[in-house]
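Below is structure24.txt, which holds compact mmCIF, C-alpha atoms.
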```txt
# COMPACT_ATOMS: atom_id res chain seq x y z
CA MET S 9 15.98 -57.31 -173.55
CA THR S 10 15.81 -53.77 -172.14
CA LEU S 11 13.51 -53.55 -169.12
CA SER S 12 11.41 -50.58 -168.07
CA ARG S 13 12.24 -48.89 -164.77
CA SER S 14 9.48 -50.66 -162.83
CA LYS S 15 10.40 -54.07 -164.26
CA GLN S 16 14.07 -53.55 -163.47
CA GLU S 17 13.15 -52.54 -159.92
CA SER S 18 10.94 -55.61 -159.55
CA LEU S 19 13.68 -57.88 -160.82
CA GLU S 20 16.25 -56.40 -158.42
CA THR S 21 13.85 -56.41 -155.45
CA PHE S 22 12.87 -60.05 -155.82
CA ASN S 23 16.28 -61.34 -156.77
CA LYS S 24 17.50 -59.90 -153.46
CA ALA S 25 14.48 -61.22 -151.54
CA ALA S 26 14.62 -64.77 -152.92
CA THR S 27 16.87 -66.27 -150.25
CA ASP S 28 14.53 -65.60 -147.32
CA TYR S 29 11.32 -64.73 -149.16
CA ASP S 30 9.28 -67.63 -147.76
CA SER S 31 9.97 -66.75 -144.12
CA SER S 32 10.02 -62.97 -144.51
CA TYR S 33 6.83 -62.63 -146.54
CA GLU S 34 4.76 -65.53 -145.18
CA ASN S 35 2.33 -63.41 -143.14
CA TRP S 36 1.82 -61.13 -146.13
CA THR S 37 1.19 -63.84 -148.71
CA LYS S 38 -0.67 -66.45 -146.64
CA PRO S 39 -4.27 -65.07 -146.74
CA THR S 40 -4.47 -64.84 -150.53
CA HIS S 41 -2.39 -67.98 -151.02
CA SER S 42 -4.71 -70.01 -148.76
CA PHE S 43 -7.85 -68.67 -150.45
CA ILE S 44 -6.56 -69.46 -153.94
CA LEU S 45 -5.65 -73.00 -152.89
CA ALA S 46 -9.15 -73.44 -151.46
CA GLU S 47 -10.60 -72.30 -154.80
CA LEU S 48 -8.44 -74.85 -156.62
CA ARG S 49 -9.58 -77.62 -154.26
CA ARG S 50 -13.21 -76.59 -154.73
CA GLU S 51 -12.92 -76.85 -158.51
CA PRO S 52 -9.85 -78.94 -159.41
CA ALA S 53 -8.01 -78.34 -162.67
CA SER S 54 -5.74 -80.57 -164.72
CA SER S 55 -3.29 -77.80 -165.68
CA ILE S 56 -2.26 -74.64 -163.85
CA LEU S 57 0.05 -71.75 -164.71
CA ASP S 58 1.21 -69.56 -161.82
CA VAL S 59 2.29 -66.15 -163.14
CA GLY S 60 4.67 -64.39 -160.78
CA CYS S 61 5.32 -67.78 -159.22
CA GLY S 62 8.08 -66.57 -156.91
CA THR S 63 9.66 -69.41 -154.95
CA GLY S 64 7.03 -71.92 -156.10
CA THR S 65 4.98 -72.01 -152.90
CA MET S 66 1.65 -72.12 -154.72
CA LEU S 67 2.65 -74.85 -157.14
CA SER S 68 4.35 -76.97 -154.49
CA ALA S 69 1.12 -77.02 -152.45
CA LEU S 70 -0.91 -78.56 -155.29
CA ASN S 71 -1.66 -82.24 -154.95
CA GLY S 72 -2.85 -84.82 -157.42
CA ASP S 73 -2.30 -85.28 -161.11
CA VAL S 74 -1.89 -81.63 -162.11
CA ARG S 75 0.35 -80.28 -164.86
CA LYS S 76 2.14 -77.34 -163.26
CA ALA S 77 3.89 -74.37 -164.82
CA GLY S 78 5.28 -71.15 -163.40
CA LEU S 79 6.81 -67.93 -164.62
CA ASP S 80 8.67 -65.15 -162.81
CA LEU S 81 10.71 -62.16 -163.93
CA ALA S 82 13.38 -62.74 -161.25
CA PRO S 83 15.78 -65.61 -162.01
CA GLU S 84 16.67 -66.11 -158.34
CA MET S 85 13.02 -66.68 -157.47
CA VAL S 86 12.75 -69.27 -160.23
CA ASN S 87 15.90 -70.97 -158.94
CA LYS S 88 14.28 -71.28 -155.50
CA ALA S 89 11.12 -72.67 -157.11
CA ARG S 90 13.21 -75.29 -158.94
CA GLU S 91 14.76 -76.35 -155.63
CA LYS S 92 11.25 -77.09 -154.32
CA LEU S 93 9.67 -78.55 -157.42
CA GLY S 94 12.48 -80.16 -159.39
CA THR S 95 11.02 -81.56 -162.59
CA ASP S 96 7.43 -81.49 -161.28
CA ALA S 97 6.79 -78.12 -162.91
CA ASP S 98 7.69 -76.28 -166.09
CA LEU S 99 9.35 -73.20 -164.58
CA ARG S 100 10.56 -70.32 -166.74
CA VAL S 101 12.05 -66.86 -166.34
CA GLY S 102 10.02 -64.37 -168.33
CA ASP S 103 7.67 -61.42 -168.65
CA ALA S 104 3.97 -61.73 -167.82
CA GLU S 105 3.22 -59.58 -170.86
CA ARG S 106 4.67 -62.27 -173.16
CA LEU S 107 3.92 -65.72 -171.80
CA PRO S 108 6.11 -68.40 -173.43
CA TRP S 109 3.30 -70.93 -173.84
CA SER S 110 0.96 -71.59 -176.73
CA ASN S 111 -2.73 -70.76 -176.95
CA ASP S 112 -5.22 -72.89 -174.99
CA SER S 113 -2.54 -74.48 -172.78
CA PHE S 114 -4.06 -74.26 -169.28
CA ASP S 115 -7.27 -74.65 -167.32
CA VAL S 116 -6.30 -72.07 -164.68
CA VAL S 117 -3.94 -69.11 -164.45
CA THR S 118 -3.14 -67.86 -160.96
CA ILE S 119 -1.51 -64.51 -160.15
CA ASN S 120 -0.81 -64.05 -156.46
CA LEU S 121 0.46 -60.72 -155.08
CA SER S 122 2.25 -59.68 -158.24
CA PHE S 123 -0.50 -57.95 -160.19
CA HIS S 124 0.31 -54.52 -158.71
CA HIS S 125 3.78 -54.83 -160.27
CA TYR S 126 2.45 -55.04 -163.83
CA GLU S 127 2.67 -51.74 -165.71
CA ASN S 128 0.50 -53.06 -168.57
CA PRO S 129 -2.25 -55.03 -166.81
CA GLU S 130 -4.34 -55.21 -169.97
CA MET S 131 -1.51 -57.08 -171.73
CA VAL S 132 -1.03 -59.43 -168.79
CA LEU S 133 -4.72 -60.33 -168.74
CA ALA S 134 -4.80 -60.67 -172.53
CA GLU S 135 -1.93 -63.15 -172.28
CA ALA S 136 -3.68 -65.04 -169.49
CA ARG S 137 -6.79 -65.19 -171.67
CA ARG S 138 -4.75 -66.42 -174.64
CA VAL S 139 -3.17 -69.38 -172.82
CA LEU S 140 -6.43 -70.42 -171.14
CA ARG S 141 -8.73 -73.01 -172.62
CA ASN S 142 -12.46 -72.54 -173.07
CA GLU S 143 -14.15 -72.24 -169.67
CA GLY S 144 -10.72 -71.55 -168.14
CA ARG S 145 -10.29 -69.37 -165.07
CA VAL S 146 -7.97 -66.66 -163.88
CA ILE S 147 -7.58 -66.27 -160.11
CA ILE S 148 -5.84 -63.13 -158.86
CA GLY S 149 -4.87 -62.33 -155.28
CA ASP S 150 -3.50 -58.89 -154.51
CA VAL S 151 -3.54 -55.79 -152.32
CA CYS S 152 -6.50 -53.43 -152.05
CA LEU S 153 -6.48 -51.06 -149.11
CA PRO S 154 -9.43 -48.97 -147.90
CA PHE S 155 -10.20 -46.21 -150.41
CA HIS S 156 -8.15 -43.29 -149.09
CA LEU S 157 -5.21 -45.50 -148.07
CA ASN S 158 -5.25 -47.08 -151.53
CA ARG S 159 -5.00 -43.65 -153.15
CA LEU S 160 -2.16 -42.63 -150.84
CA ALA S 161 -0.30 -45.90 -151.39
CA ASN S 162 -0.54 -45.45 -155.15
CA LEU S 163 0.91 -41.95 -154.86
CA LEU S 164 3.80 -43.13 -152.71
CA MET S 165 4.53 -46.35 -154.58
CA ARG S 166 6.79 -44.74 -157.17
CA PHE S 167 9.13 -43.49 -154.45
CA ARG S 168 9.70 -46.94 -152.94
CA HIS S 169 11.65 -48.21 -155.96
CA GLU S 170 10.47 -51.81 -155.46
CA GLY S 171 8.74 -52.15 -158.82
CA GLY S 172 5.18 -51.58 -157.63
CA VAL S 173 2.89 -49.76 -160.08
CA HIS S 174 -0.73 -49.67 -158.87
CA PHE S 175 -3.09 -51.17 -156.28
CA TYR S 176 -6.47 -51.78 -157.93
CA SER S 177 -9.97 -51.22 -156.56
CA GLU S 178 -12.71 -53.78 -157.07
CA LYS S 179 -14.25 -51.60 -159.78
CA GLU S 180 -10.93 -51.29 -161.61
CA MET S 181 -10.32 -55.04 -161.48
CA ARG S 182 -13.79 -55.85 -162.77
CA THR S 183 -13.34 -53.40 -165.65
CA LEU S 184 -9.93 -54.82 -166.59
CA LEU S 185 -11.22 -58.40 -166.48
CA ASN S 186 -14.32 -57.65 -168.56
CA LYS S 187 -12.26 -55.86 -171.21
CA ALA S 188 -9.86 -58.81 -171.38
CA GLY S 189 -12.68 -61.28 -172.10
CA PHE S 190 -13.52 -62.60 -168.63
CA ASP S 191 -16.91 -62.84 -166.93
CA ASN S 192 -18.57 -64.55 -163.94
CA ILE S 193 -16.38 -62.42 -161.71
CA SER S 194 -16.30 -63.22 -158.00
CA TRP S 195 -14.57 -60.74 -155.64
CA ASN S 196 -13.63 -61.85 -152.14
CA ARG S 197 -11.94 -59.98 -149.31
CA THR S 198 -9.29 -62.17 -147.65
CA THR S 199 -8.14 -59.51 -145.17
CA ARG S 200 -8.74 -55.79 -144.77
CA ARG S 201 -5.86 -55.18 -147.16
CA THR S 202 -6.05 -58.12 -149.61
CA PHE S 203 -8.53 -59.70 -152.03
CA VAL S 204 -8.92 -62.63 -154.39
CA VAL S 205 -10.88 -62.26 -157.61
CA ASN S 206 -11.94 -65.27 -159.66
CA ALA S 207 -13.10 -64.90 -163.28
CA ARG S 208 -13.87 -67.21 -166.17
CA VAL S 209 -13.21 -66.99 -169.90
CA VAL S 210 -16.30 -65.74 -171.72
```
Mind converting the file's structure to structure tokens?
Amino acid sequence: MTLSRSKQESLETFNKAATDYDSSYENWTKPTHSFILAELRREPASSILDVGCGTGTMLSALNGDVRKAGLDLAPEMVNKAREKLGTDADLRVGDAERLPWSNDSFDVVTINLSFHHYENPEMVLAEARRVLRNEGRVIIGDVCLPFHLNRLANLLMRFRHEGGVHFYSEKEMRTLLNKAGFDNISWNRTTRRTFVVNARVV
């Protein structure tokens, strides 16, 4: 499969980062990660797919009788996730635009700090909608800086060659989610630079 420039950059960035990702990125990922876990404890689900699962931190923190699945573009990240989770999760290397699961497979899809890497966010959300059951939820944590910084970061992102595409505003996220068939949207700031948005299948 031929990858676009941004996907190839993402794959290379996170393959290289996999070895020490948990320690190097912990302060960056913790606020959204903690908020998403709190959401999952508040309303437990029987099946969860983590898109952009990285080293499996989100899935490994889930307790109880939960069917877990994860997908990441970078094979080295998935290898690290398998070291943590063993056979407790269905972990696959793949593209968020083409999820390798059937329709109506999950109660929740989580996407933590990878959404700004997706060059076709409409396709990613359409796929999340497809694999979710009726009344299912998507929970997305990502970066959203104050307005002018967000605009500057989006201008500079292409020059960093790390696979980033776009940081979304609250308005942009709500529009994308509505168009993809989600409603009951709840937007929460987790830090000055991060958010978590929770939406349900219409």
Legend entry - Closest of S:Val74, S:Leu45, S:Leu19, S:Val210 to Gly60 (chain S) - atom-to-atom distances counting all atoms listed in the file: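 Smallest separation from Gly60 (chain S) among the options: S:Leu19.
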Legend entry - Nearby residues (all atoms listed in the file) at most 12 Å from Arg200 (chain S), same-chain spacing under 3 positions excluded, as a list in words: Trp36, Pro39, Thr40, Asp150, Val151, Cys152, Leu153, Pro154, Phe155, Leu157, Asn158, Asn196, Arg197, Phe203 and Val204 of chain S
Filtering to C-alpha atoms, could you give me those residues as a PDB file, keeping the file's coordinate frame?
```pdb
ATOM      1  CA  TRP S  36       1.820 -61.130-146.130  1.00  0.00           C
ATOM      2  CA  PRO S  39      -4.270 -65.070-146.740  1.00  0.00           C
ATOM      3  CA  THR S  40      -4.470 -64.840-150.530  1.00  0.00           C
ATOM      4  CA  ASP S 150      -3.500 -58.890-154.510  1.00  0.00           C
ATOM      5  CA  VAL S 151      -3.540 -55.790-152.320  1.00  0.00           C
ATOM      6  CA  CYS S 152      -6.500 -53.430-152.050  1.00  0.00           C
ATOM      7  CA  LEU S 153      -6.480 -51.060-149.110  1.00  0.00           C
ATOM      8  CA  PRO S 154      -9.430 -48.970-147.900  1.00  0.00           C
ATOM      9  CA  PHE S 155     -10.200 -46.210-150.410  1.00  0.00           C
ATOM     10  CA  LEU S 157      -5.210 -45.500-148.070  1.00  0.00           C
ATOM     11  CA  ASN S 158      -5.250 -47.080-151.530  1.00  0.00           C
ATOM     12  CA  ASN S 196     -13.630 -61.850-152.140  1.00  0.00           C
ATOM     13  CA  ARG S 197     -11.940 -59.980-149.310  1.00  0.00           C
ATOM     14  CA  PHE S 203      -8.530 -59.700-152.030  1.00  0.00           C
ATOM     15  CA  VAL S 204      -8.920 -62.630-154.390  1.00  0.00           C
TER      16      VAL S 204
END
```
Inset, instruction - Please provide as a VMD selection string all residues within 12 Å of Leu133 (chain S), with the sequence filter that same-chain residues fewer than 4 positions apart are discarded (counting only C-alpha atoms). - result: chain S and resid 59 104 to 107 117 to 119 123 126 to 129 137 to 140 145 to 148 181 to 190 207 to 209
Resulting file, chosen residues, C-alpha atoms, as a compact mmCIF listing (two decimals), in the frame of the given file:
```txt
# COMPACT_ATOMS: atom_id res chain seq x y z
CA VAL S 59 2.29 -66.15 -163.14
CA ALA S 104 3.97 -61.73 -167.82
CA GLU S 105 3.22 -59.58 -170.86
CA ARG S 106 4.67 -62.27 -173.16
CA LEU S 107 3.92 -65.72 -171.80
CA VAL S 117 -3.94 -69.11 -164.45
CA THR S 118 -3.14 -67.86 -160.96
CA ILE S 119 -1.51 -64.51 -160.15
CA PHE S 123 -0.50 -57.95 -160.19
CA TYR S 126 2.45 -55.04 -163.83
CA GLU S 127 2.67 -51.74 -165.71
CA ASN S 128 0.50 -53.06 -168.57
CA PRO S 129 -2.25 -55.03 -166.81
CA ARG S 137 -6.79 -65.19 -171.67
CA ARG S 138 -4.75 -66.42 -174.64
CA VAL S 139 -3.17 -69.38 -172.82
CA LEU S 140 -6.43 -70.42 -171.14
CA ARG S 145 -10.29 -69.37 -165.07
CA VAL S 146 -7.97 -66.66 -163.88
CA ILE S 147 -7.58 -66.27 -160.11
CA ILE S 148 -5.84 -63.13 -158.86
CA MET S 181 -10.32 -55.04 -161.48
CA ARG S 182 -13.79 -55.85 -162.77
CA THR S 183 -13.34 -53.40 -165.65
CA LEU S 184 -9.93 -54.82 -166.59
CA LEU S 185 -11.22 -58.40 -166.48
CA ASN S 186 -14.32 -57.65 -168.56
CA LYS S 187 -12.26 -55.86 -171.21
CA ALA S 188 -9.86 -58.81 -171.38
CA GLY S 189 -12.68 -61.28 -172.10
CA PHE S 190 -13.52 -62.60 -168.63
CA ALA S 207 -13.10 -64.90 -163.28
CA ARG S 208 -13.87 -67.21 -166.17
CA VAL S 209 -13.21 -66.99 -169.90
```
Residues near Pro108 (chain S), cut-off 10 Å, all atoms listed in the file, skip fewer than 4 positions along chain, as a PDB file with C-alpha atoms, in the coordinates of the input:
```
ATOM      1  CA  LEU S  79       6.810 -67.930-164.620  1.00  0.00           C
ATOM      2  CA  ARG S 100      10.560 -70.320-166.740  1.00  0.00           C
ATOM      3  CA  VAL S 101      12.050 -66.860-166.340  1.00  0.00           C
ATOM      4  CA  GLY S 102      10.020 -64.370-168.330  1.00  0.00           C
ATOM      5  CA  ASP S 103       7.670 -61.420-168.650  1.00  0.00           C
ATOM      6  CA  ALA S 104       3.970 -61.730-167.820  1.00  0.00           C
ATOM      7  CA  GLU S 135      -1.930 -63.150-172.280  1.00  0.00           C
ATOM      8  CA  VAL S 139      -3.170 -69.380-172.820  1.00  0.00           C
TER       9      VAL S 139
END
```
Find the spatial neighbours of His41 (chain S), counting all atoms listed in the file, within a cut-off of 9 Å - ignore same-chain residues fewer than 3 positions away - and output them as a JSON list (two decimals) with C-alpha atoms, in the frame of the given file.
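Output (around_4.json):
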```json
[["chain", "number", "residue", "atom", "x", "y", "z"],
["S", 37, "THR", "CA", 1.19, -63.84, -148.71],
["S", 38, "LYS", "CA", -0.67, -66.45, -146.64],
["S", 44, "ILE", "CA", -6.56, -69.46, -153.94],
["S", 45, "LEU", "CA", -5.65, -73.00, -152.89],
["S", 46, "ALA", "CA", -9.15, -73.44, -151.46],
["S", 65, "THR", "CA", 4.98, -72.01, -152.90],
["S", 66, "MET", "CA", 1.65, -72.12, -154.72],
["S", 120, "ASN", "CA", -0.81, -64.05, -156.46],
["S", 121, "LEU", "CA", 0.46, -60.72, -155.08],
["S", 149, "GLY", "CA", -4.87, -62.33, -155.28]]
```
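Taking only C-alpha atoms into account, the protein, DNA and RNA residues within 12 Å of (13.8, -74.9, -153.2) read Ala26, Thr27, Asp28, Tyr29, Asp30, Gly62, Thr63, Gly64, Thr65, Leu67, Ser68, Glu84, Met85, Val86, Asn87, Lys88, Ala89, Arg90, Glu91, Lys92, Leu93, Gly94 and Thr95 of chain S.
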Legend entry - Atomic separation - CA of Cys61 (chain S) relative to CA of Glu178 (chain S), Å: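 Between CA of Glu178 (chain S) and CA of Cys61 (chain S) the gap is 22.9 Å.
Remark: for Lys179 (chain S), the closest of the candidate residues S:Asn142, S:Leu11, S:Ile193, S:Phe167 is S:Ile193 (distances computed over only C-alpha atoms).
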